[in-house]
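Here is the structure we will look at.
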Amino acid sequence: MWLLHRSIDGDIKLVEFPQGHAPKYAILSHKWLADEDKVSFQLMGSGPPEPDDVRCNKIHFCVEQAAKDGLDYCWVDTCCIDKSSFAPIEESIRNIYYWYRDAEKCYVYLSDVSTGDADSVEEACREEWEAGFRGSTWFTRIWTLQEVLAPKEVEVFSAEGVWLGNKMTLETLLYEKMGVPRQVLRGADMATFAIEEKLSWGKDRQTGCVEDMAYGILGLFDVTAMELRYGEGSQALVRLPEEAEKREAELGVEYLDGVYL
């Protein structure tokens with residue numbers, strides 16, 4: 001697992017840790033924007049991001065917010081995944097749910113929600129930012145579903161970096177927009193929900209590849225052994241429930257008449 005490390009003098013660099021041995025870290029959830037695919041693992045490996053590079057705004061935000069929370073490390077998908085070959089991409093897809101689950105903090109950065117010149121959420125116009133929140137494209141991504149359900153601590157920020165709330169204070173808004181049970185937002189065990197119900201949580205979301213409609217929610221089913229076959233199209237959504245059933249059998253999960261026993 002690669003993490004961004006901020007040194008005492010403010011320098012940012014990538015550091016690799018063996019799986020399961022990472023230090024405490026923060027993690028970012030966001031919707032990719034144009035040109036962010038150019039903020040690559042290779043670019044970060046060649047040196048710290050330029051302060052005035054707008055493509056790196058989210059990286060600087062995450063690193064600085066993590067420092068405020070006493071965390072020296074953070075993970076941002078735009079630059080912490082080596083996309084030069086398929087192997088590290090596949091590893092990240094299989095592990096991303098657990099990386100979010102194990103993070104000390106998850107920062108949701110909403111680039112399309114503005115708080116204007118306000119320095120705090122109390123100073124901001126709630127009616128305006130809440131309308132922006134409800135209409136945020138962040139809710140449309142398949143990947144952000146597990147990114148908000150897996151972590152223990154989720155903090156939500158506006159485009160200006162103003163704290164809007166957390167998973168508890170924004171529970172009603174998240175519940176209304178995401179269509180998931182409140183118990184899930186409160187940290188209920190994913191294994192207590194039926195496969196069909198969990199599949200329904202992502203059915204109205206979007207992604208660049210049809211296959212990612214399945215690959216983007218593997219963690220909700222604790223599925224890590226499913227082969228990733230880009231090019232198979234919607235067949236991935238056929239295979240996912242099959243793999244989920246196998247995983248439940250391995251774990252000895254019993255299900256009867258809509259209730260897990």
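Residues in the structure tokens are numbered from 1 in each chain, the chains being A, B, ... in the order shown, and ligands are numbered from 1 in the order shown.
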
Distance query Lys198 of chain A at most 12 Å, only C-alpha atoms, self and fewer than 4 positions along chain excluded, as a PyMOL selection string:
chain A and resi 145-146+149+178-181+184+189-194+202-203+214+217-222+240-241+244

Based on the selection just made, write C-alpha atoms of those residues as a PDB file, in the first residue's frame.
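Here's the written file selection.pdb:
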ATOM      1  CA  LEU A 145     -20.858   4.038  -2.103  1.00  0.00           C
ATOM      2  CA  GLN A 146     -18.390   1.820  -0.265  1.00  0.00           C
ATOM      3  CA  LEU A 149     -19.985   3.025   4.195  1.00  0.00           C
ATOM      4  CA  MET A 178     -28.021   7.164  -0.950  1.00  0.00           C
ATOM      5  CA  GLY A 179     -31.084   5.015  -0.347  1.00  0.00           C
ATOM      6  CA  VAL A 180     -29.336   2.772   2.154  1.00  0.00           C
ATOM      7  CA  PRO A 181     -30.725   1.805   5.581  1.00  0.00           C
ATOM      8  CA  VAL A 184     -25.671   0.900   7.466  1.00  0.00           C
ATOM      9  CA  ASP A 189     -22.348  -5.339   9.893  1.00  0.00           C
ATOM     10  CA  MET A 190     -22.623  -5.708   6.115  1.00  0.00           C
ATOM     11  CA  ALA A 191     -23.127  -9.446   6.515  1.00  0.00           C
ATOM     12  CA  THR A 192     -26.534  -8.797   8.096  1.00  0.00           C
ATOM     13  CA  PHE A 193     -27.983  -7.519   4.817  1.00  0.00           C
ATOM     14  CA  ALA A 194     -29.151  -9.711   1.948  1.00  0.00           C
ATOM     15  CA  GLY A 202     -25.663   0.742  -6.337  1.00  0.00           C
ATOM     16  CA  LYS A 203     -28.112   0.138  -9.185  1.00  0.00           C
ATOM     17  CA  ALA A 214     -19.779  -4.892  -9.824  1.00  0.00           C
ATOM     18  CA  ILE A 217     -18.848  -2.766  -4.582  1.00  0.00           C
ATOM     19  CA  LEU A 218     -16.926  -6.009  -3.987  1.00  0.00           C
ATOM     20  CA  GLY A 219     -16.175  -4.988  -0.411  1.00  0.00           C
ATOM     21  CA  LEU A 220     -19.851  -4.820   0.525  1.00  0.00           C
ATOM     22  CA  PHE A 221     -19.903  -8.603   0.085  1.00  0.00           C
ATOM     23  CA  ASP A 222     -16.399  -9.251   1.467  1.00  0.00           C
ATOM     24  CA  LEU A 240     -20.934 -10.932  -8.342  1.00  0.00           C
ATOM     25  CA  PRO A 241     -23.977 -12.425  -6.539  1.00  0.00           C
ATOM     26  CA  ALA A 244     -21.134 -13.358  -2.814  1.00  0.00           C
TER      27      ALA A 244
END

- Item | 12 Å contact set for Phe17 of chain A, only C-alpha atoms, chain neighbours under 5 positions out, as a list of chain:residue names |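 Counting only C-alpha atoms, the residues come to A:Met1, A:Trp2, A:Leu3, A:Leu4, A:His5, A:Ala22, A:Pro23, A:Lys24, A:Tyr25, A:Tyr73, A:Trp75, A:Cys80.
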
Store the residues picked out above in a file with C-alpha atoms, as a compact mmCIF listing (two decimals), in the first residue's frame.
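Saved to out17.txt:
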# COMPACT_ATOMS: atom_id res chain seq x y z
CA MET A 1 0.00 0.00 0.00
CA TRP A 2 1.37 3.39 -1.01
CA LEU A 3 0.69 6.42 1.20
CA LEU A 4 1.48 10.10 0.90
CA HIS A 5 3.72 11.29 3.73
CA ALA A 22 0.48 0.76 7.34
CA PRO A 23 0.66 3.52 9.97
CA LYS A 24 -2.43 5.53 10.87
CA TYR A 25 -3.66 7.42 7.82
CA TYR A 73 -0.01 9.89 6.11
CA TRP A 75 -4.18 7.97 0.65
CA CYS A 80 -1.40 6.31 -4.72

Going by DSSP on the backbone, which residues of segment 46-146 of chain A come out as strand (DSSP E or B)? List them as a PyMOL selection string.
chain A and resi 73-75+105-109+141

Using only C-alpha atoms, the best pick from A:Lys167, A:Arg186, A:Arg141, A:Arg247 as closest to Asp204 of chain A would be A:Arg141

Would you please extract all helix (DSSP H, G or I) residues from segment 29-253 of chain A, as assigned by DSSP on the backbone, and give them as a PDB file with C-alpha atoms, in the first residue's frame?
ATOM      1  CA  GLU A  36      -6.870  14.538 -12.507  1.00  0.00           C
ATOM      2  CA  ASP A  37      -5.835  11.362 -14.287  1.00  0.00           C
ATOM      3  CA  LYS A  38      -2.612  13.216 -15.081  1.00  0.00           C
ATOM      4  CA  PHE A  41       1.685   7.693  -9.274  1.00  0.00           C
ATOM      5  CA  GLN A  42       4.678   8.293 -11.529  1.00  0.00           C
ATOM      6  CA  LEU A  43       4.284  12.083 -11.280  1.00  0.00           C
ATOM      7  CA  MET A  44       4.175  11.959  -7.483  1.00  0.00           C
ATOM      8  CA  GLY A  45       7.161   9.632  -7.469  1.00  0.00           C
ATOM      9  CA  VAL A  54      -4.875  23.083  -9.629  1.00  0.00           C
ATOM     10  CA  ARG A  55      -4.873  19.371 -10.483  1.00  0.00           C
ATOM     11  CA  CYS A  56      -3.320  18.771  -7.071  1.00  0.00           C
ATOM     12  CA  ASN A  57      -5.769  20.838  -5.000  1.00  0.00           C
ATOM     13  CA  LYS A  58      -7.369  17.755  -3.476  1.00  0.00           C
ATOM     14  CA  ILE A  59      -3.996  16.239  -2.621  1.00  0.00           C
ATOM     15  CA  HIS A  60      -2.957  19.392  -0.776  1.00  0.00           C
ATOM     16  CA  PHE A  61      -6.344  19.536   0.957  1.00  0.00           C
ATOM     17  CA  CYS A  62      -6.120  15.918   2.142  1.00  0.00           C
ATOM     18  CA  VAL A  63      -2.530  16.226   3.336  1.00  0.00           C
ATOM     19  CA  GLU A  64      -3.207  19.476   5.187  1.00  0.00           C
ATOM     20  CA  GLN A  65      -6.438  18.238   6.783  1.00  0.00           C
ATOM     21  CA  ALA A  66      -4.710  15.037   7.868  1.00  0.00           C
ATOM     22  CA  ALA A  67      -1.968  17.111   9.501  1.00  0.00           C
ATOM     23  CA  LYS A  68      -4.621  19.091  11.398  1.00  0.00           C
ATOM     24  CA  PHE A  86      -2.908  -4.072 -14.367  1.00  0.00           C
ATOM     25  CA  ALA A  87      -1.547  -5.941 -11.315  1.00  0.00           C
ATOM     26  CA  PRO A  88      -1.473  -2.948  -8.903  1.00  0.00           C
ATOM     27  CA  ILE A  89      -4.824  -1.735 -10.244  1.00  0.00           C
ATOM     28  CA  GLU A  90      -6.360  -5.146  -9.565  1.00  0.00           C
ATOM     29  CA  GLU A  91      -4.823  -5.190  -6.084  1.00  0.00           C
ATOM     30  CA  SER A  92      -6.317  -1.797  -5.291  1.00  0.00           C
ATOM     31  CA  ILE A  93      -9.787  -2.797  -6.508  1.00  0.00           C
ATOM     32  CA  ARG A  94      -9.729  -5.898  -4.316  1.00  0.00           C
ATOM     33  CA  ASN A  95      -8.460  -4.026  -1.265  1.00  0.00           C
ATOM     34  CA  ILE A  96      -9.954  -0.563  -1.552  1.00  0.00           C
ATOM     35  CA  TYR A  97     -12.942  -1.286   0.695  1.00  0.00           C
ATOM     36  CA  TYR A  98     -10.585  -2.440   3.456  1.00  0.00           C
ATOM     37  CA  TRP A  99      -8.279   0.542   2.957  1.00  0.00           C
ATOM     38  CA  TYR A 100     -11.253   2.837   3.563  1.00  0.00           C
ATOM     39  CA  ARG A 101     -12.433   0.718   6.483  1.00  0.00           C
ATOM     40  CA  ASP A 102      -9.040   0.851   8.188  1.00  0.00           C
ATOM     41  CA  ARG A 126     -27.239  26.235   4.974  1.00  0.00           C
ATOM     42  CA  GLU A 127     -30.002  26.392   2.369  1.00  0.00           C
ATOM     43  CA  GLU A 128     -27.451  26.987  -0.397  1.00  0.00           C
ATOM     44  CA  TRP A 129     -24.797  24.439   0.564  1.00  0.00           C
ATOM     45  CA  GLU A 130     -27.427  21.842   1.420  1.00  0.00           C
ATOM     46  CA  ALA A 131     -28.983  22.250  -2.039  1.00  0.00           C
ATOM     47  CA  GLY A 132     -25.527  21.808  -3.525  1.00  0.00           C
ATOM     48  CA  PHE A 133     -24.954  18.770  -1.344  1.00  0.00           C
ATOM     49  CA  ARG A 134     -28.172  17.117  -2.504  1.00  0.00           C
ATOM     50  CA  THR A 137     -22.263  14.434  -8.564  1.00  0.00           C
ATOM     51  CA  TRP A 138     -20.302  12.669  -5.815  1.00  0.00           C
ATOM     52  CA  PHE A 139     -23.487  10.688  -5.117  1.00  0.00           C
ATOM     53  CA  THR A 140     -23.576   9.352  -8.674  1.00  0.00           C
ATOM     54  CA  TRP A 143     -17.084   3.853  -6.004  1.00  0.00           C
ATOM     55  CA  THR A 144     -18.229   6.436  -3.449  1.00  0.00           C
ATOM     56  CA  LEU A 145     -20.858   4.038  -2.103  1.00  0.00           C
ATOM     57  CA  GLN A 146     -18.390   1.820  -0.265  1.00  0.00           C
ATOM     58  CA  GLU A 147     -16.102   4.799   0.354  1.00  0.00           C
ATOM     59  CA  VAL A 148     -18.683   6.300   2.707  1.00  0.00           C
ATOM     60  CA  LEU A 149     -19.985   3.025   4.195  1.00  0.00           C
ATOM     61  CA  GLU A 171     -27.172  11.109   8.401  1.00  0.00           C
ATOM     62  CA  THR A 172     -30.597  12.247   7.193  1.00  0.00           C
ATOM     63  CA  LEU A 173     -29.201  13.852   4.032  1.00  0.00           C
ATOM     64  CA  LEU A 174     -27.037  10.810   3.289  1.00  0.00           C
ATOM     65  CA  TYR A 175     -29.966   8.479   3.935  1.00  0.00           C
ATOM     66  CA  GLU A 176     -32.219  10.413   1.564  1.00  0.00           C
ATOM     67  CA  LYS A 177     -29.620  10.606  -1.227  1.00  0.00           C
ATOM     68  CA  MET A 178     -28.021   7.164  -0.950  1.00  0.00           C
ATOM     69  CA  ARG A 182     -29.811   4.131   8.432  1.00  0.00           C
ATOM     70  CA  GLN A 183     -28.262   1.155  10.231  1.00  0.00           C
ATOM     71  CA  VAL A 184     -25.671   0.900   7.466  1.00  0.00           C
ATOM     72  CA  LEU A 185     -24.677   4.533   7.918  1.00  0.00           C
ATOM     73  CA  MET A 190     -22.623  -5.708   6.115  1.00  0.00           C
ATOM     74  CA  ALA A 191     -23.127  -9.446   6.515  1.00  0.00           C
ATOM     75  CA  THR A 192     -26.534  -8.797   8.096  1.00  0.00           C
ATOM     76  CA  ILE A 195     -27.131  -9.895  -1.257  1.00  0.00           C
ATOM     77  CA  GLU A 196     -30.045  -8.581  -3.319  1.00  0.00           C
ATOM     78  CA  GLU A 197     -30.498  -5.589  -1.026  1.00  0.00           C
ATOM     79  CA  LYS A 198     -26.826  -4.612  -1.174  1.00  0.00           C
ATOM     80  CA  LEU A 199     -26.864  -4.903  -4.962  1.00  0.00           C
ATOM     81  CA  SER A 200     -29.827  -2.508  -5.054  1.00  0.00           C
ATOM     82  CA  TRP A 201     -27.837   0.221  -3.278  1.00  0.00           C
ATOM     83  CA  ASP A 212     -17.095  -1.461 -12.328  1.00  0.00           C
ATOM     84  CA  MET A 213     -20.770  -1.542 -11.346  1.00  0.00           C
ATOM     85  CA  ALA A 214     -19.779  -4.892  -9.824  1.00  0.00           C
ATOM     86  CA  TYR A 215     -16.077  -4.377  -9.107  1.00  0.00           C
ATOM     87  CA  LEU A 218     -16.926  -6.009  -3.987  1.00  0.00           C
ATOM     88  CA  GLY A 219     -16.175  -4.988  -0.411  1.00  0.00           C
ATOM     89  CA  LEU A 220     -19.851  -4.820   0.525  1.00  0.00           C
ATOM     90  CA  PHE A 221     -19.903  -8.603   0.085  1.00  0.00           C
ATOM     91  CA  GLN A 235     -21.661 -10.399 -17.014  1.00  0.00           C
ATOM     92  CA  ALA A 236     -19.736  -9.014 -14.039  1.00  0.00           C
ATOM     93  CA  LEU A 237     -23.075  -8.223 -12.374  1.00  0.00           C
ATOM     94  CA  VAL A 238     -24.140 -11.825 -12.926  1.00  0.00           C
ATOM     95  CA  ARG A 239     -20.969 -13.217 -11.394  1.00  0.00           C
ATOM     96  CA  LEU A 240     -20.934 -10.932  -8.342  1.00  0.00           C
ATOM     97  CA  PRO A 241     -23.977 -12.425  -6.539  1.00  0.00           C
ATOM     98  CA  GLU A 242     -22.632 -15.892  -7.325  1.00  0.00           C
ATOM     99  CA  GLU A 243     -19.303 -15.002  -5.725  1.00  0.00           C
ATOM    100  CA  ALA A 244     -21.134 -13.358  -2.814  1.00  0.00           C
ATOM    101  CA  GLU A 245     -23.075 -16.567  -2.167  1.00  0.00           C
ATOM    102  CA  LYS A 246     -19.835 -18.561  -2.181  1.00  0.00           C
ATOM    103  CA  ARG A 247     -18.337 -16.126   0.319  1.00  0.00           C
ATOM    104  CA  GLU A 248     -21.361 -16.407   2.598  1.00  0.00           C
ATOM    105  CA  ALA A 249     -21.053 -20.189   2.474  1.00  0.00           C
ATOM    106  CA  GLU A 250     -17.386 -19.910   3.462  1.00  0.00           C
ATOM    107  CA  LEU A 251     -18.288 -17.697   6.404  1.00  0.00           C
TER     108      LEU A 251
END

Between A:Gln19, A:Ser120, A:Ser136, A:Ser29, smallest distance to Cys74 of chain A by only C-alpha atoms belongs to A:Ser29

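The space between atom CA of Glu104 of chain A and atom CA of Lys152 of chain A spans 7.3 Å.
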
Pick out the residues sitting within 12 Å of Asp119 of chain A, and hand them over as a PyMOL selection string; count only C-alpha atoms, and ignore anything fewer than 5 positions along from it in its own chain.
chain A and resi 114+124-125+157-158+160-164

Got time to write the residues from that selection, N, CA and C atoms, as a compact mmCIF listing (two decimals), in the first residue's frame?
# COMPACT_ATOMS: atom_id res chain seq x y z
N SER A 114 -20.32 24.58 -2.79
CA SER A 114 -19.60 25.78 -2.35
C SER A 114 -20.18 26.37 -1.08
N ALA A 124 -21.85 29.83 6.78
CA ALA A 124 -22.35 29.55 5.43
C ALA A 124 -23.87 29.50 5.41
N CYS A 125 -24.44 29.76 4.25
CA CYS A 125 -25.89 29.67 4.08
C CYS A 125 -26.27 28.20 3.95
N PHE A 157 -16.53 17.90 3.41
CA PHE A 157 -16.02 19.25 3.21
C PHE A 157 -16.50 19.84 1.89
N SER A 158 -16.63 21.16 1.88
CA SER A 158 -17.01 21.88 0.66
C SER A 158 -15.79 22.06 -0.24
N GLU A 160 -14.30 24.69 -0.81
CA GLU A 160 -13.38 25.62 -0.16
C GLU A 160 -12.69 25.00 1.04
N GLY A 161 -13.00 23.74 1.34
CA GLY A 161 -12.38 23.06 2.48
C GLY A 161 -13.08 23.33 3.80
N VAL A 162 -14.31 23.84 3.74
CA VAL A 162 -15.08 24.10 4.96
C VAL A 162 -15.78 22.82 5.39
N TRP A 163 -15.64 22.48 6.66
CA TRP A 163 -16.26 21.26 7.22
C TRP A 163 -17.78 21.43 7.25
N LEU A 164 -18.50 20.49 6.64
CA LEU A 164 -19.96 20.55 6.58
C LEU A 164 -20.63 19.64 7.61

Q) To one decimal place, how far is atom CA of Pro151 of chain A from atom CA of Cys106 of chain A in Å? A)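 Atom CA of Cys106 of chain A lies 6.4 Å from atom CA of Pro151 of chain A.
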
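In terms of minimum interatomic distance to Ala159 of chain A, A:Ala118 ranks closest within A:Ala103, A:Ala188, A:Leu228, A:Ala118, counting only C-alpha atoms.
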